[in-house]
Amino acid sequence: ERDQCIALEAKTKAKSAFMSVFHGCPYTTNSVGMQKAILKNKVIRDQVSLDGGETYYIILSSDKDLDTCAAFELRIRDGDTKGSNCANPLVIPTLPYVGNNLLTTCKGDDLDGSSACSPGNVTGEDMVFTYQSPGNECLSVELTNLIDSVHISLALADDCPELSSATCLALQQSDPFVNTNVVGLDYQVVNPQKLFISVDYERDDYSPFLLYNLEINRNPIDATGKDCAVPLVATTVPFDGKVTTACKGRDYPNFNHCSPNASYELEGNDQITKFTAPATECIRITVKNVQGTGAVSLLPDCPSVSTNCLAQLFCNQLTESASVEISVVAGTTYYLVTTSFTSTKGLSFDLSISSLASTDPCEKCRDITCTNCANAGFE
């Protein structure tokens with residue numbers, strides 16, 4: 001009989017539940033526990049490779065301390081092996097693309113660390129996607145709905161990542177010690193080319209497979225805000241605009257928002273917004289609808305020239321909005337520096353700069369006395 005990959009899906013109203021697959025009668029001397037899947041959003045999903053002619057057992061169980069009785073609706077169907085390797089990739093025809101509840105089981109471990117886009121420290125089963133880019137686009141690739149504390153690798157290559165000759169165009173790995181359910185990267189594609197996207201993870205007893213969603217979006221290439229030579233310019237006060245680090249590059253790696261000893265925390269792309277104060281007054285800088293994590297700081301010059309921080313809105317923390325009030329001097333130019341955290345695809349938000357009515361410009365504002373962002377504090 002042929003070998004088979006099956007997909008399992010169990011729906012339940014239980015508060016806590018899991019599904020286990022055993023080769024042989026469960027919990028006996030000769031049985032082998034193959035893998036275990038946990039409840040997520042009221043559904044347990046799994047895929048497993050089975051040897052033809054062998055007998056397997058599926059166990060569904062709930063936590064007796066939370067549920068005295070639990071009912072399950074179990075569905076078994078043929079599994080999906082698409083994306084198992086470069087010969088059988090999952091082809092992305094158009095963008096935007098959204099793939100939900102993708103599983104690495106039945107895909108095999110084909111990325112063995114022999115290429116730059118195949119790190120040797122991720123040993124689980126992997127998936128390969130291909131996309132034919134028309135060029136002149138900024139790609140944002142994001143894995144979501146992830147389980148915390150799993151080491152995940154997301155890579156973009158110009159050829160099959162199984163080949164040592166492949167060039168790794170972008171690589172992002174999650175930190176298993178930092179809780180995040182998002183891993184992403186962005187890349188600027190200038191000319192038409194075929195791209196290979198690979199997803200891999202570090203397998204252990206608690207993570208026998210990887211379940212995730214994949215989102216890929218595209219935007220036209222826009223260099224505005226890339227660096228101090230082509231900044232996003234706030235021409236007036238009040239000012240309203242949108243800021244994103246996507247495809248802006250990492251131009252100021254030596255500027256550290258958070259503290260002198262934490263440069264490793266912020267290694268993503270950066271973006272520059274520049275504005276000249278029309279008057280000596282107190283202003284409020286506000287960011288709203290924040291997507292991603294990172295830091296936003298105000299400097300008196302380009303970060304390649306000055307790293308003295310005048311104010312900071314936030315640093316490496318999850319927030320939806322933040323603001324700071326500070327006094328500015330007429331005719332003086334200021335630089336707002338935005339840097340994304342390493343393991344996210346970027347940092348974006350709505351930016352507003354407004355005047356505060358006051359007879360004394362410094363009455364409601366902090367004095368500009370701090371020398372770096374570590375001392376600037378938050379508001």
# chains A, B, ... in the order shown; residues from 1 in each chain; ligands from 1
call {"tool": "residues_around", "arguments": {"residues": "Val290 (chain A)", "least_positions_apart": "2", "cutoff": "7 Å", "atoms": "only C-alpha atoms", "output": "number ranges by chain"}}
result
A: 287-288, 292, 319-321, 348-349
call {"tool": "write_last_selection", "arguments": {"atoms": "N, CA, C and O atoms", "output": "mmCIF file, in the first residue's frame"}}
result
data_model
loop_
_atom_site.group_PDB
_atom_site.id
_atom_site.type_symbol
_atom_site.label_atom_id
_atom_site.label_comp_id
_atom_site.auth_asym_id
_atom_site.auth_seq_id
_atom_site.Cartn_x
_atom_site.Cartn_y
_atom_site.Cartn_z
ATOM 1 N N VAL A 287 2.181 59.952 16.857
ATOM 2 C CA VAL A 287 2.097 58.829 15.927
ATOM 3 C C VAL A 287 0.884 57.998 16.314
ATOM 4 O O VAL A 287 0.639 57.747 17.495
ATOM 5 N N LYS A 288 0.093 57.598 15.309
ATOM 6 C CA LYS A 288 -1.112 56.797 15.533
ATOM 7 C C LYS A 288 -1.148 55.636 14.551
ATOM 8 O O LYS A 288 -0.444 55.641 13.542
ATOM 9 N N GLY A 292 3.699 47.300 13.774
ATOM 10 C CA GLY A 292 5.066 46.824 13.956
ATOM 11 C C GLY A 292 5.674 47.346 15.246
ATOM 12 O O GLY A 292 5.024 48.031 16.047
ATOM 13 N N THR A 319 2.901 49.405 20.779
ATOM 14 C CA THR A 319 2.036 50.532 21.112
ATOM 15 C C THR A 319 1.188 50.872 19.896
ATOM 16 O O THR A 319 1.597 50.647 18.761
ATOM 17 N N GLU A 320 0.006 51.409 20.126
ATOM 18 C CA GLU A 320 -0.847 51.833 19.023
ATOM 19 C C GLU A 320 -0.672 53.305 18.720
ATOM 20 O O GLU A 320 -0.883 53.748 17.590
ATOM 21 N N SER A 321 -0.270 54.083 19.732
ATOM 22 C CA SER A 321 -0.065 55.516 19.537
ATOM 23 C C SER A 321 0.878 56.037 20.602
ATOM 24 O O SER A 321 1.062 55.427 21.661
ATOM 25 N N SER A 348 5.369 51.178 10.632
ATOM 26 C CA SER A 348 4.631 52.219 9.918
ATOM 27 C C SER A 348 3.617 52.864 10.852
ATOM 28 O O SER A 348 3.155 52.239 11.815
ATOM 29 N N PHE A 349 3.259 54.107 10.550
ATOM 30 C CA PHE A 349 2.286 54.817 11.379
ATOM 31 C C PHE A 349 1.857 56.104 10.683
ATOM 32 O O PHE A 349 2.471 56.543 9.701
#
call {"tool": "residues_around", "arguments": {"residues": "Glu137 (chain A)", "least_positions_apart": "2", "cutoff": "10 Å", "atoms": "only C-alpha atoms", "output": "mmCIF file with all heavy atoms, in the first residue's frame"}}
result
data_model
loop_
_atom_site.group_PDB
_atom_site.id
_atom_site.type_symbol
_atom_site.label_atom_id
_atom_site.label_comp_id
_atom_site.auth_asym_id
_atom_site.auth_seq_id
_atom_site.Cartn_x
_atom_site.Cartn_y
_atom_site.Cartn_z
ATOM 1 N N SER A 133 8.414 38.168 -10.153
ATOM 2 C CA SER A 133 8.230 39.608 -9.950
ATOM 3 C C SER A 133 8.392 40.354 -11.268
ATOM 4 O O SER A 133 9.325 40.085 -12.031
ATOM 5 C CB SER A 133 9.246 40.139 -8.934
ATOM 6 O OG SER A 133 9.207 41.554 -8.877
ATOM 7 N N PRO A 134 7.517 41.322 -11.536
ATOM 8 C CA PRO A 134 7.675 42.144 -12.737
ATOM 9 C C PRO A 134 8.736 43.219 -12.573
ATOM 10 O O PRO A 134 9.074 43.923 -13.522
ATOM 11 C CB PRO A 134 6.290 42.770 -12.913
ATOM 12 C CG PRO A 134 5.759 42.869 -11.513
ATOM 13 C CD PRO A 134 6.293 41.655 -10.805
ATOM 14 N N GLY A 135 9.259 43.361 -11.345
ATOM 15 C CA GLY A 135 10.243 44.403 -11.068
ATOM 16 C C GLY A 135 9.591 45.706 -10.644
ATOM 17 O O GLY A 135 8.368 45.856 -10.673
ATOM 18 N N LEU A 139 8.533 44.528 -2.034
ATOM 19 C CA LEU A 139 7.811 43.370 -1.510
ATOM 20 C C LEU A 139 7.866 43.354 0.010
ATOM 21 O O LEU A 139 8.931 43.536 0.607
ATOM 22 C CB LEU A 139 8.415 42.071 -2.027
ATOM 23 C CG LEU A 139 8.293 41.759 -3.526
ATOM 24 C CD1 LEU A 139 8.908 40.400 -3.811
ATOM 25 C CD2 LEU A 139 6.847 41.807 -3.977
ATOM 26 N N SER A 140 6.719 43.119 0.637
ATOM 27 C CA SER A 140 6.645 42.916 2.080
ATOM 28 C C SER A 140 6.118 41.506 2.311
ATOM 29 O O SER A 140 5.003 41.177 1.891
ATOM 30 C CB SER A 140 5.713 43.940 2.730
ATOM 31 O OG SER A 140 6.269 45.233 2.666
ATOM 32 N N TYR A 187 11.823 43.660 0.630
ATOM 33 C CA TYR A 187 12.912 43.665 -0.350
ATOM 34 C C TYR A 187 12.494 44.475 -1.577
ATOM 35 O O TYR A 187 11.356 44.388 -2.038
ATOM 36 C CB TYR A 187 13.271 42.238 -0.767
ATOM 37 C CG TYR A 187 14.434 42.169 -1.722
ATOM 38 C CD1 TYR A 187 15.724 42.412 -1.285
ATOM 39 C CD2 TYR A 187 14.227 41.887 -3.068
ATOM 40 C CE1 TYR A 187 16.801 42.368 -2.167
ATOM 41 C CE2 TYR A 187 15.299 41.828 -3.953
ATOM 42 C CZ TYR A 187 16.583 42.084 -3.496
ATOM 43 O OH TYR A 187 17.640 42.046 -4.365
ATOM 44 N N GLN A 188 13.444 45.243 -2.081
ATOM 45 C CA GLN A 188 13.204 46.087 -3.246
ATOM 46 C C GLN A 188 13.639 45.355 -4.510
ATOM 47 O O GLN A 188 14.819 45.045 -4.686
ATOM 48 C CB GLN A 188 13.989 47.395 -3.082
ATOM 49 C CG GLN A 188 13.612 48.475 -4.056
ATOM 50 C CD GLN A 188 14.203 49.815 -3.649
ATOM 51 O OE1 GLN A 188 13.512 50.779 -3.420
ATOM 52 N NE2 GLN A 188 15.517 49.887 -3.561
ATOM 53 N N VAL A 189 12.680 45.038 -5.376
ATOM 54 C CA VAL A 189 12.957 44.323 -6.626
ATOM 55 C C VAL A 189 12.995 45.338 -7.761
ATOM 56 O O VAL A 189 11.968 45.933 -8.104
ATOM 57 C CB VAL A 189 11.892 43.249 -6.916
ATOM 58 C CG1 VAL A 189 12.302 42.412 -8.122
ATOM 59 C CG2 VAL A 189 11.671 42.366 -5.697
ATOM 60 N N VAL A 190 14.148 45.531 -8.363
ATOM 61 C CA VAL A 190 14.314 46.546 -9.407
ATOM 62 C C VAL A 190 13.945 45.973 -10.775
ATOM 63 O O VAL A 190 13.163 46.556 -11.521
ATOM 64 C CB VAL A 190 15.756 47.089 -9.418
ATOM 65 C CG1 VAL A 190 15.930 48.107 -10.548
ATOM 66 C CG2 VAL A 190 16.091 47.722 -8.072
ATOM 67 N N ASN A 191 14.514 44.827 -11.121
ATOM 68 C CA ASN A 191 14.299 44.218 -12.448
ATOM 69 C C ASN A 191 13.429 42.971 -12.337
ATOM 70 O O ASN A 191 13.370 42.335 -11.282
ATOM 71 C CB ASN A 191 15.644 43.848 -13.081
ATOM 72 C CG ASN A 191 16.542 45.054 -13.282
ATOM 73 O OD1 ASN A 191 16.100 46.078 -13.790
ATOM 74 N ND2 ASN A 191 17.800 44.937 -12.864
ATOM 75 N N PRO A 192 12.756 42.581 -13.406
ATOM 76 C CA PRO A 192 11.954 41.356 -13.385
ATOM 77 C C PRO A 192 12.817 40.148 -13.035
ATOM 78 O O PRO A 192 13.913 39.990 -13.579
ATOM 79 C CB PRO A 192 11.417 41.258 -14.817
ATOM 80 C CG PRO A 192 11.435 42.657 -15.328
ATOM 81 C CD PRO A 192 12.635 43.294 -14.705
ATOM 82 N N ASN A 217 2.671 41.435 0.144
ATOM 83 C CA ASN A 217 2.109 42.639 -0.472
ATOM 84 C C ASN A 217 3.182 43.358 -1.270
ATOM 85 O O ASN A 217 4.386 43.171 -1.039
ATOM 86 C CB ASN A 217 1.539 43.576 0.603
ATOM 87 C CG ASN A 217 0.341 42.982 1.314
ATOM 88 O OD1 ASN A 217 -0.739 42.917 0.760
ATOM 89 N ND2 ASN A 217 0.538 42.536 2.537
ATOM 90 N N ARG A 218 2.743 44.170 -2.208
ATOM 91 C CA ARG A 218 3.668 44.938 -3.033
ATOM 92 C C ARG A 218 3.273 46.404 -3.055
ATOM 93 O O ARG A 218 2.101 46.754 -2.957
ATOM 94 C CB ARG A 218 3.692 44.393 -4.469
ATOM 95 C CG ARG A 218 2.397 44.602 -5.240
ATOM 96 C CD ARG A 218 2.466 44.019 -6.642
ATOM 97 N NE ARG A 218 3.523 44.604 -7.445
ATOM 98 C CZ ARG A 218 3.366 45.686 -8.189
ATOM 99 N NH1 ARG A 218 2.210 46.324 -8.221
ATOM 100 N NH2 ARG A 218 4.371 46.147 -8.905
ATOM 101 N N ASN A 219 4.292 47.264 -3.168
ATOM 102 C CA ASN A 219 4.083 48.699 -3.331
ATOM 103 C C ASN A 219 5.116 49.214 -4.319
ATOM 104 O O ASN A 219 6.213 48.644 -4.440
ATOM 105 C CB ASN A 219 4.231 49.432 -1.991
ATOM 106 C CG ASN A 219 3.094 49.132 -1.035
ATOM 107 O OD1 ASN A 219 1.974 49.574 -1.233
ATOM 108 N ND2 ASN A 219 3.383 48.357 -0.006
ATOM 109 N N PRO A 220 4.811 50.285 -5.040
ATOM 110 C CA PRO A 220 5.817 50.871 -5.935
ATOM 111 C C PRO A 220 7.038 51.318 -5.142
ATOM 112 O O PRO A 220 6.932 51.716 -3.978
ATOM 113 C CB PRO A 220 5.083 52.061 -6.560
ATOM 114 C CG PRO A 220 3.640 51.769 -6.363
ATOM 115 C CD PRO A 220 3.527 50.991 -5.095
ATOM 116 N N ILE A 221 8.193 51.254 -5.766
ATOM 117 C CA ILE A 221 9.423 51.700 -5.104
ATOM 118 C C ILE A 221 9.346 53.207 -4.874
ATOM 119 O O ILE A 221 9.052 53.979 -5.776
ATOM 120 C CB ILE A 221 10.652 51.349 -5.949
ATOM 121 C CG1 ILE A 221 10.826 49.828 -6.002
ATOM 122 C CG2 ILE A 221 11.904 52.010 -5.386
ATOM 123 C CD1 ILE A 221 11.960 49.369 -6.884
ATOM 124 N N ASP A 222 9.575 53.622 -3.644
ATOM 125 C CA ASP A 222 9.542 55.038 -3.282
ATOM 126 C C ASP A 222 10.716 55.306 -2.351
ATOM 127 O O ASP A 222 10.762 54.805 -1.226
ATOM 128 C CB ASP A 222 8.225 55.379 -2.597
ATOM 129 C CG ASP A 222 8.124 56.863 -2.237
ATOM 130 O OD1 ASP A 222 9.026 57.624 -2.630
ATOM 131 O OD2 ASP A 222 7.154 57.234 -1.553
ATOM 132 N N CYS A 247 11.318 48.793 2.777
ATOM 133 C CA CYS A 247 12.238 48.978 1.644
ATOM 134 C C CYS A 247 13.064 50.257 1.742
ATOM 135 O O CYS A 247 13.583 50.727 0.727
ATOM 136 C CB CYS A 247 11.483 48.944 0.318
ATOM 137 S SG CYS A 247 10.882 47.300 -0.118
#
call {"tool": "closest_residue", "arguments": {"among": "A:Cys138, A:Cys315, A:Leu347, A:Ile353", "to": "Pro238 (chain A)", "atoms": "only C-alpha atoms"}}
result
A:Ile353
call {"tool": "atom_distance", "arguments": {"atom1": "CA of Asn41 (chain A)", "atom2": "CA of Val21 (chain A)"}}
result
20.4 Å
call {"tool": "residues_around", "arguments": {"residues": "Val122 (chain A)", "least_positions_apart": "5", "cutoff": "8 Å", "atoms": "only C-alpha atoms", "output": "list of chain:residue names"}}
result
A:His151, A:Ile152, A:Ser153, A:Asp200, A:Tyr201, A:Glu202, A:Arg203
call {"tool": "write_last_selection", "arguments": {"atoms": "all heavy atoms", "output": "PDB file, in the first residue's frame"}}
result
ATOM      1  N   HIS A 151      11.896  29.261  17.074  1.00  0.00           N
ATOM      2  CA  HIS A 151      12.907  29.882  16.216  1.00  0.00           C
ATOM      3  C   HIS A 151      12.517  29.658  14.763  1.00  0.00           C
ATOM      4  O   HIS A 151      12.502  28.524  14.289  1.00  0.00           O
ATOM      5  CB  HIS A 151      14.274  29.276  16.517  1.00  0.00           C
ATOM      6  CG  HIS A 151      15.384  29.973  15.804  1.00  0.00           C
ATOM      7  ND1 HIS A 151      16.691  29.556  15.859  1.00  0.00           N
ATOM      8  CD2 HIS A 151      15.395  31.083  15.017  1.00  0.00           C
ATOM      9  CE1 HIS A 151      17.450  30.343  15.133  1.00  0.00           C
ATOM     10  NE2 HIS A 151      16.684  31.278  14.611  1.00  0.00           N
ATOM     11  N   ILE A 152      12.214  30.737  14.054  1.00  0.00           N
ATOM     12  CA  ILE A 152      11.703  30.657  12.683  1.00  0.00           C
ATOM     13  C   ILE A 152      12.619  31.424  11.739  1.00  0.00           C
ATOM     14  O   ILE A 152      13.161  32.476  12.087  1.00  0.00           O
ATOM     15  CB  ILE A 152      10.273  31.234  12.611  1.00  0.00           C
ATOM     16  CG1 ILE A 152       9.332  30.399  13.479  1.00  0.00           C
ATOM     17  CG2 ILE A 152       9.755  31.268  11.172  1.00  0.00           C
ATOM     18  CD1 ILE A 152       8.008  31.034  13.720  1.00  0.00           C
ATOM     19  N   SER A 153      12.781  30.885  10.524  1.00  0.00           N
ATOM     20  CA  SER A 153      13.598  31.529   9.503  1.00  0.00           C
ATOM     21  C   SER A 153      12.730  31.810   8.282  1.00  0.00           C
ATOM     22  O   SER A 153      12.041  30.921   7.777  1.00  0.00           O
ATOM     23  CB  SER A 153      14.774  30.622   9.124  1.00  0.00           C
ATOM     24  OG  SER A 153      15.473  31.151   8.002  1.00  0.00           O
ATOM     25  N   ASP A 200      11.307  28.067   7.319  1.00  0.00           N
ATOM     26  CA  ASP A 200      11.897  26.948   8.054  1.00  0.00           C
ATOM     27  C   ASP A 200      11.817  27.264   9.546  1.00  0.00           C
ATOM     28  O   ASP A 200      11.600  28.420   9.938  1.00  0.00           O
ATOM     29  CB  ASP A 200      13.348  26.734   7.625  1.00  0.00           C
ATOM     30  CG  ASP A 200      13.817  25.300   7.864  1.00  0.00           C
ATOM     31  OD1 ASP A 200      13.105  24.538   8.539  1.00  0.00           O
ATOM     32  OD2 ASP A 200      14.911  24.951   7.373  1.00  0.00           O
ATOM     33  N   TYR A 201      12.005  26.263  10.388  1.00  0.00           N
ATOM     34  CA  TYR A 201      11.932  26.491  11.831  1.00  0.00           C
ATOM     35  C   TYR A 201      12.752  25.429  12.562  1.00  0.00           C
ATOM     36  O   TYR A 201      13.169  24.427  11.983  1.00  0.00           O
ATOM     37  CB  TYR A 201      10.476  26.458  12.313  1.00  0.00           C
ATOM     38  CG  TYR A 201       9.899  25.062  12.409  1.00  0.00           C
ATOM     39  CD1 TYR A 201       9.694  24.453  13.643  1.00  0.00           C
ATOM     40  CD2 TYR A 201       9.585  24.332  11.262  1.00  0.00           C
ATOM     41  CE1 TYR A 201       9.188  23.168  13.727  1.00  0.00           C
ATOM     42  CE2 TYR A 201       9.082  23.054  11.338  1.00  0.00           C
ATOM     43  CZ  TYR A 201       8.878  22.474  12.580  1.00  0.00           C
ATOM     44  OH  TYR A 201       8.397  21.199  12.654  1.00  0.00           O
ATOM     45  N   GLU A 202      12.979  25.691  13.845  1.00  0.00           N
ATOM     46  CA  GLU A 202      13.744  24.754  14.676  1.00  0.00           C
ATOM     47  C   GLU A 202      12.777  23.810  15.384  1.00  0.00           C
ATOM     48  O   GLU A 202      12.003  24.231  16.245  1.00  0.00           O
ATOM     49  CB  GLU A 202      14.592  25.510  15.701  1.00  0.00           C
ATOM     50  CG  GLU A 202      15.498  24.610  16.511  1.00  0.00           C
ATOM     51  CD  GLU A 202      16.433  25.378  17.417  1.00  0.00           C
ATOM     52  OE1 GLU A 202      16.359  26.626  17.426  1.00  0.00           O
ATOM     53  OE2 GLU A 202      17.238  24.749  18.108  1.00  0.00           O
ATOM     54  N   ARG A 203      12.827  22.560  15.008  1.00  0.00           N
ATOM     55  CA  ARG A 203      11.909  21.553  15.556  1.00  0.00           C
ATOM     56  C   ARG A 203      12.362  21.114  16.943  1.00  0.00           C
ATOM     57  O   ARG A 203      13.558  20.933  17.202  1.00  0.00           O
ATOM     58  CB  ARG A 203      11.847  20.351  14.623  1.00  0.00           C
ATOM     59  CG  ARG A 203      10.914  19.236  15.088  1.00  0.00           C
ATOM     60  CD  ARG A 203      11.075  18.007  14.227  1.00  0.00           C
ATOM     61  NE  ARG A 203      10.293  16.903  14.762  1.00  0.00           N
ATOM     62  CZ  ARG A 203       9.140  16.484  14.244  1.00  0.00           C
ATOM     63  NH1 ARG A 203       8.650  17.090  13.187  1.00  0.00           N
ATOM     64  NH2 ARG A 203       8.492  15.474  14.772  1.00  0.00           N
TER      65      ARG A 203
END
call {"tool": "residues_around", "arguments": {"residues": "Tyr252 (chain A)", "least_positions_apart": "3", "cutoff": "8 Å", "atoms": "only C-alpha atoms", "output": "list in words"}}
result
Phe255, Asp270, Pro303 and Ser304 of chain A
